[in-house]
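Enquirer: Starting off with a structure, shown below.
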Amino acid sequence: MTPQEEILQLRAQLHQHNYNYYVLNQPTISDYDFDQLMHRLEDLEMFYPQFADPNSPTQRVGSDLSQSFRQVPHRYPMLSLANTYSEADVRDFYERVRSGLGGEPFEIVAEMKYDGLSISLTYVDGQLTQAVTRGDGEKGDDVTANVRTIRSIPLTLRPGSDYPREFEIRGEILMPWTSFEALNREREAREEPLFANPRNAASGTLKSQKSELVAQRRLDAYLYYLLGDELPADGYHYENLQKARQWGFKISEGMKKCHSVEDILDFINYWDTERKNLPVATDGIVLKVNSLRQQRQLGYTAKSPRWAIAYKFQAERACTRLEEVTYQVGRTGAITPVANMQPVQLAGTVVKRASLHNADIIRQLDLHLGDMVYVEKGGEIIPKVVGVDKTRRSPDMQPVQFIKTCPECGAPLVRIEGEAAHYCPNDTSCPPQIKGRIEHYISRRAMNIESLGPETVDDYYQQGLIRDVADLYQIQPQQISGVRGTKERSALKIVESIRQSTQVPFERVVFAIGIRFVGETTAKLLARHFHSMDTLRQATLDQLLEVEGVGQVIAQSVIDYFHEPRNVEVIERLRQAGVQMEISADESAGASTALAGQSVVISGIFTHHSRDEYKALIERHGGKNVGSISAKTSFVLAGDNMGPSKQEKARKLGIRLVNEDEFLQMIE
């Protein structure tokens with residue numbers, strides 16, 4: 001067998017095993033055997049690059065290279081569906097279809113409405129060639145590289161299938177509950193904002209600039225509509241999807257052909273309960289006329305097809321007893337009240353805690369201890385208290401009073417005017433704040449000390465090794481060898497990782513030190529305006545307010561931070577450890593005011609630099625990056641494949657397009 005023949009054979013085997021595992025859920029070989037086949041294919045492709053194929057199973061891992069999304073027009077517009085929430089609306093839809101078809105017999109296909117991100121996949125000669133998001137319905141983002149990492153989407157259709165030479169299939173990209181919960185646990189450990197629901201998480205993941213990250217998050221996909229000029233099955237939607245299942249696509253088992261309104265309502269009632277056992281989020285039922293000829297006859301309104309409608313389930317609600325309200329202290333000192341309730345089953349999980357967010361929410365709900373409260377999740381995984389059954393409240397129940405002192409250190413709480421949250425001001429000796437600031441400091445977007453995590457920080461804190469971020473740079477390998485099973489080599493790696501963080505650029509240091517209300521973007525603005533920690537420390541309120549994007553609250557927070565002697569001491573110890581305290585000479589030398597006061601939109605694909613690099617160049621030379629074209633836009637930095645809608649908008653507003661070479665000359 002020649003190398004090329006073996007490569008083709010291995011690809012066919014691995015595609016089949018992927019289909020067995022991710023679509024049929026019936027693996028026929030062990031993970032170990034699968035990995036051995038994959039490793040063999042990887043080795044062959046490395047030695048024979050002339051046989052490379054973007055649809056090879058080895059490409060499912062994605063790339064860590066940043067990419068830009070170009071906009072692609074849809075061959076067939078992706079319209080939204082009209083929504084309904086009642087049995088009466090379903091009956092009205094059925095009668096409208098009957099009337100529109102002049103009494104001709106018809107079938108309705110009822111199928112699950114998955115709560116994810118709409119996608120359109122194009123196949124030519126059995127190969128995936130393009131994946132495009134819904135976008136505005138007329139055009140969407142080309143996310144083909146990211147979609148190739150989703151293992152339930154076939155890269156190559158099953159051999160011997162009778163698929164058309166070219167067709168489009170649409171569906172929904174989802175994040176399964178297990179992947180979603182694992183992702184939120186990771187984000188919670190890093191004190192990053194949690195995704196509200198799997199749909200948001202799937203959308204954010206699919207729009208990631210790195211397909212490697214998409215591969216790690218284990219997205220899934222269900223396909224539900226076939227389009228093309230040479231479709232099989234004599235023009236029936238349900239039968240087309242059964243064909244697509246044979247070709248290798250993941251098609252929902254939750255489908256039924258209905259011949260009456262009663263059939264439809266039985267299907268809805270069944271899945272209103274049974275959907276809670278599904279591995280992915282659903283939020284309703286879609287009803288479609290089965291005949292494609294009848295679909296064409298019924299036609300479209302301006303926004304949606306007349307032959308289809310979406311029935312939305314009501315958010316699931318449970319009633320349980322409020323037993324206690326406890327309070328958590330975050331990294332910035334923000335106090336979050338938490339409702340502790342009698343455990344109750346809700347949307348497939350047992351719920352016993354729900355965030356109450358702040359004192360205003362408690363007051364609006366008029367919560368009393370012992371109240372019977374209504375809890376909802378709907379499509380969200382994060383439970384919330386949405387109401388109180390006051391008819392079941394007894395006279396002796398006491399209203400919930402928001403605490404006045406920190407539950408961890410006892411300091412009197414403060415509330416900044418205009419802010420919803422209460423804060424513990426004792427940021428120098430309140431344990432959750434101390435550990436939270438250290439965890440923030442070591443995080444990827446701050447100092448990126450990869451060898452440490454929240455559990456390790458807690459261990460070091462409990463042992464007295466660290467009380468602030470500067471203590472990290474005093475740790476010696478012998479002090480931590482053996483902590484949580486840390487071996488000598490691991491201890492050396494941790495110390496080296498801490499030492500390497502001294503090379504992190506100044507703007508990330510400003511973010512890492514944890515000034516309240518100063519996020520990544522504000523930290524960059526402050527660093528580039530003041531150039532050094534000393535200048536920033538000495539800035540007056542008026543000088544801080546001169547920085548674009550810095551308002552009264554942020555400016556006062558910066559001043560308060562540097563007025564605290566303990567913070568100044570930590571800064572000085574970081575300086576002695578070698579942490580960057582000013583903009584580097586290279587950055588300073590390359591800076592100018594060439595783009596001062598100009599707002600720039602970036603669009604298209606570039607040759608000389610990545611989009612992120614161009615954004616940094618714009619900021620370094622005094623310009624401002626903006627996301628959309630308006631009358632205030634100074635110019636558009638236009639690369640290849642700039643979206644036609646942006647070009648047209650720029651033309652109408654008289655905004656000039658600047659190519660890469662022209663732009664680089666502008667900032668020389």
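Residue numbering restarts at 1 for every chain of the structure tokens, chains are lettered A, B, ... in their displayed order, and ligands are numbered from 1 as they appear.
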I want to know what sits within 7 Å of segment 450-466 of chain A, based on only C-alpha atoms, with residues of the same chain fewer than 4 positions away left out; could you give that as a VMD selection string?
Expert: chain A and resid 189 435 439 471 to 472 494 497
Enquirer: Output the selection as a PDB file, in the first residue's frame - N, CA and C atoms for each residue.
Expert:
```
ATOM      1  N   ALA A 189     -13.783  29.810  38.696  1.00  0.00           N
ATOM      2  CA  ALA A 189     -12.501  29.690  39.403  1.00  0.00           C
ATOM      3  C   ALA A 189     -11.562  30.839  39.059  1.00  0.00           C
ATOM      4  N   LYS A 435      -7.080  36.952  48.650  1.00  0.00           N
ATOM      5  CA  LYS A 435      -6.889  35.804  47.762  1.00  0.00           C
ATOM      6  C   LYS A 435      -7.443  36.092  46.366  1.00  0.00           C
ATOM      7  N   GLU A 439      -5.431  35.866  42.841  1.00  0.00           N
ATOM      8  CA  GLU A 439      -5.912  35.041  41.727  1.00  0.00           C
ATOM      9  C   GLU A 439      -6.092  35.889  40.471  1.00  0.00           C
ATOM     10  N   ASP A 471       4.367  39.130  47.508  1.00  0.00           N
ATOM     11  CA  ASP A 471       4.933  37.961  48.194  1.00  0.00           C
ATOM     12  C   ASP A 471       5.243  36.821  47.232  1.00  0.00           C
ATOM     13  N   LEU A 472       4.555  36.791  46.095  1.00  0.00           N
ATOM     14  CA  LEU A 472       4.807  35.730  45.122  1.00  0.00           C
ATOM     15  C   LEU A 472       6.266  35.683  44.708  1.00  0.00           C
ATOM     16  N   ILE A 494       7.092  26.473  38.989  1.00  0.00           N
ATOM     17  CA  ILE A 494       6.253  27.543  39.526  1.00  0.00           C
ATOM     18  C   ILE A 494       7.070  28.802  39.765  1.00  0.00           C
ATOM     19  N   SER A 497       7.984  30.386  36.490  1.00  0.00           N
ATOM     20  CA  SER A 497       6.835  31.040  35.865  1.00  0.00           C
ATOM     21  C   SER A 497       6.565  32.392  36.515  1.00  0.00           C
TER      22      SER A 497
END
```
Enquirer: I need the alpha helix (DSSP H) residues of segment 235-434 of chain A per DSSP on the backbone, written as number ranges by chain.
Expert: A: 237-247, 261-274, 292-298, 359-365, 431-434
Enquirer: Per DSSP on the backbone, filter segment 192-229 of chain A down to the residues in strand (DSSP E or B) and report them as a list in words.
Expert: Asp220, Ala221, Tyr222, Leu223, Tyr224, Tyr225, Leu226 and Leu227 of chain A
Enquirer: Could you save the residues just selected, with C-alpha atoms, as an mmCIF file, in the first residue's frame?
Expert:
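Result file follows (again_34.cif):
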```cif
data_model
loop_
_atom_site.group_PDB
_atom_site.id
_atom_site.type_symbol
_atom_site.label_atom_id
_atom_site.label_comp_id
_atom_site.auth_asym_id
_atom_site.auth_seq_id
_atom_site.Cartn_x
_atom_site.Cartn_y
_atom_site.Cartn_z
ATOM 1 C CA ASP A 220 -22.391 19.790 19.143
ATOM 2 C CA ALA A 221 -24.778 20.300 16.211
ATOM 3 C CA TYR A 222 -28.206 19.163 15.053
ATOM 4 C CA LEU A 223 -29.247 19.730 11.422
ATOM 5 C CA TYR A 224 -32.847 20.460 10.486
ATOM 6 C CA TYR A 225 -33.336 21.826 6.948
ATOM 7 C CA LEU A 226 -32.041 20.891 3.499
ATOM 8 C CA LEU A 227 -31.763 23.291 0.554
#
```
Enquirer: For each of A:Val338, A:Leu206, A:Val375, A:Ala201, take the minimum atom-to-atom distance to Val350 of chain A, counting only C-alpha atoms, then give the residue where this is smallest.
Expert: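 Counting only C-alpha atoms, the residue closest to Val350 of chain A is A:Val375.
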Enquirer: When you look at Ala359 of chain A with a cut-off of 9 Å (counting only C-alpha atoms), what residues show up, excluding the ones that are within fewer than 4 positions of it in the same chain? I need them as JSON, numbers by chain.
Expert: {"A": [336, 337, 363, 364, 401, 402, 420, 421, 422]}
Enquirer: For C-alpha atoms, I'd like the residues from the last selection saved as an mmCIF file, in the first residue's frame.
Expert:
```
data_model
loop_
_atom_site.group_PDB
_atom_site.id
_atom_site.type_symbol
_atom_site.label_atom_id
_atom_site.label_comp_id
_atom_site.auth_asym_id
_atom_site.auth_seq_id
_atom_site.Cartn_x
_atom_site.Cartn_y
_atom_site.Cartn_z
ATOM 1 C CA THR A 336 -23.357 39.230 46.785
ATOM 2 C CA PRO A 337 -26.418 37.955 48.705
ATOM 3 C CA ARG A 363 -36.153 45.043 48.554
ATOM 4 C CA GLN A 364 -38.031 44.741 45.237
ATOM 5 C CA GLN A 401 -32.276 42.775 56.135
ATOM 6 C CA PHE A 402 -29.152 43.382 54.062
ATOM 7 C CA ALA A 420 -26.031 48.756 42.962
ATOM 8 C CA ALA A 421 -23.553 46.748 45.051
ATOM 9 C CA HIS A 422 -22.304 47.190 48.599
#
```
Enquirer: Do you know which residues are at most 9 Å from Gly643 of chain A counting only C-alpha atoms, after dropping those on the same chain fewer than 2 positions away, and could you put them as a list in words?
Expert: Arg70, Gln71, Val72, Ser603, Gly604, Asn641, Ser645, Lys646, Gln647 and Glu648 of chain A
Enquirer: By how many Å are atom CA of Thr522 of chain A and atom CA of Ala555 of chain A apart?
Expert: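 The value is 10.5 Å.
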Enquirer: Report the distance between atom CA of Ala523 of chain A and atom CA of Gln328 of chain A in Å, rounded to one decimal place.
Expert: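 For atom CA of Ala523 of chain A relative to atom CA of Gln328 of chain A, the distance reads 26.5 Å.
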Enquirer: So the first atom is atom CA of Asp371 of chain A and the second is atom CA of Ala354 of chain A; what is the distance between them in Å, to one decimal place?
Expert: 14.3 Å
Enquirer: Find the residues around Tyr238 of chain A up to 8 Å (only C-alpha atoms counted), leave out those fewer than 5 positions away in its own chain, and share them as a list in words.
Expert: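 Final neighbour list, sorted by chain and number: Val109, Lys257 and Asn290 of chain A.
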Enquirer: Which neighbours of Thr633 of chain A fall inside 7 Å, counting only C-alpha atoms, when residues of the same chain fewer than 3 positions from it are skipped, and could you give them as a list in words?
Expert: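 The neighbour list is Ser599, Val600, Ile629, Ser630 and Ile655 of chain A.
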Enquirer: Let me see the file: selected residues, all heavy atoms, as a PDB file, in the first residue's frame.
Expert:
```
ATOM      1  N   SER A 599     -11.166  58.136  14.677  1.00  0.00           N
ATOM      2  CA  SER A 599     -11.861  56.875  14.967  1.00  0.00           C
ATOM      3  C   SER A 599     -11.769  55.977  13.739  1.00  0.00           C
ATOM      4  O   SER A 599     -12.140  56.395  12.640  1.00  0.00           O
ATOM      5  CB  SER A 599     -13.331  57.141  15.307  1.00  0.00           C
ATOM      6  OG  SER A 599     -13.430  57.931  16.475  1.00  0.00           O
ATOM      7  N   VAL A 600     -11.279  54.758  13.943  1.00  0.00           N
ATOM      8  CA  VAL A 600     -10.961  53.879  12.816  1.00  0.00           C
ATOM      9  C   VAL A 600     -11.733  52.568  12.936  1.00  0.00           C
ATOM     10  O   VAL A 600     -11.775  51.952  14.001  1.00  0.00           O
ATOM     11  CB  VAL A 600      -9.440  53.584  12.761  1.00  0.00           C
ATOM     12  CG1 VAL A 600      -9.104  52.768  11.515  1.00  0.00           C
ATOM     13  CG2 VAL A 600      -8.638  54.883  12.791  1.00  0.00           C
ATOM     14  N   ILE A 629     -19.301  51.465  11.358  1.00  0.00           N
ATOM     15  CA  ILE A 629     -19.152  52.701  10.581  1.00  0.00           C
ATOM     16  C   ILE A 629     -20.292  53.658  10.909  1.00  0.00           C
ATOM     17  O   ILE A 629     -21.461  53.267  10.933  1.00  0.00           O
ATOM     18  CB  ILE A 629     -19.143  52.387   9.073  1.00  0.00           C
ATOM     19  CG1 ILE A 629     -17.937  51.496   8.728  1.00  0.00           C
ATOM     20  CG2 ILE A 629     -19.109  53.659   8.244  1.00  0.00           C
ATOM     21  CD1 ILE A 629     -17.959  50.974   7.305  1.00  0.00           C
ATOM     22  N   SER A 630     -19.930  54.906  11.180  1.00  0.00           N
ATOM     23  CA  SER A 630     -20.919  55.960  11.412  1.00  0.00           C
ATOM     24  C   SER A 630     -20.377  57.251  10.839  1.00  0.00           C
ATOM     25  O   SER A 630     -19.255  57.302  10.303  1.00  0.00           O
ATOM     26  CB  SER A 630     -21.198  56.119  12.908  1.00  0.00           C
ATOM     27  OG  SER A 630     -20.072  56.696  13.558  1.00  0.00           O
ATOM     28  N   ILE A 655     -17.156  58.031   3.818  1.00  0.00           N
ATOM     29  CA  ILE A 655     -15.997  57.620   4.631  1.00  0.00           C
ATOM     30  C   ILE A 655     -14.975  56.962   3.708  1.00  0.00           C
ATOM     31  O   ILE A 655     -15.303  56.036   2.967  1.00  0.00           O
ATOM     32  CB  ILE A 655     -16.407  56.617   5.736  1.00  0.00           C
ATOM     33  CG1 ILE A 655     -17.576  57.165   6.562  1.00  0.00           C
ATOM     34  CG2 ILE A 655     -15.218  56.294   6.610  1.00  0.00           C
ATOM     35  CD1 ILE A 655     -17.300  58.430   7.288  1.00  0.00           C
TER      36      ILE A 655
END
```
Enquirer: Counting only C-alpha atoms, which of A:Ala334, A:Ala310, A:Leu41, A:Val518 gets nearest to Asn358 of chain A?
Expert: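 Counting only C-alpha atoms, the residue closest to Asn358 of chain A is A:Ala334.
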Enquirer: Write out as a list in words the residues lying within 10 Å of Ala638 of chain A, counting only C-alpha atoms and excluding same-chain residues fewer than 2 positions away.
Expert: Val601, Ile602, Ser603, Gly604, Ile605, Phe606, Phe635, Val636, Asp640, Asn641, Met642, Gly643, Lys646, Gln647, Arg656, Leu657, Val658, Asn659, Glu660 and Phe663 of chain A
Enquirer: Which residue is closest to Pro73 of chain A? Choose from A:Pro279, A:Gly330, A:Gly140, A:Pro343 and count only C-alpha atoms.
Expert: A:Gly140
Enquirer: Of the candidates A:Glu111, A:Thr391, A:Arg331, A:Thr502, which shows the shortest atom-to-atom distance to Phe267 of chain A, using only C-alpha atoms?
Expert: A:Glu111
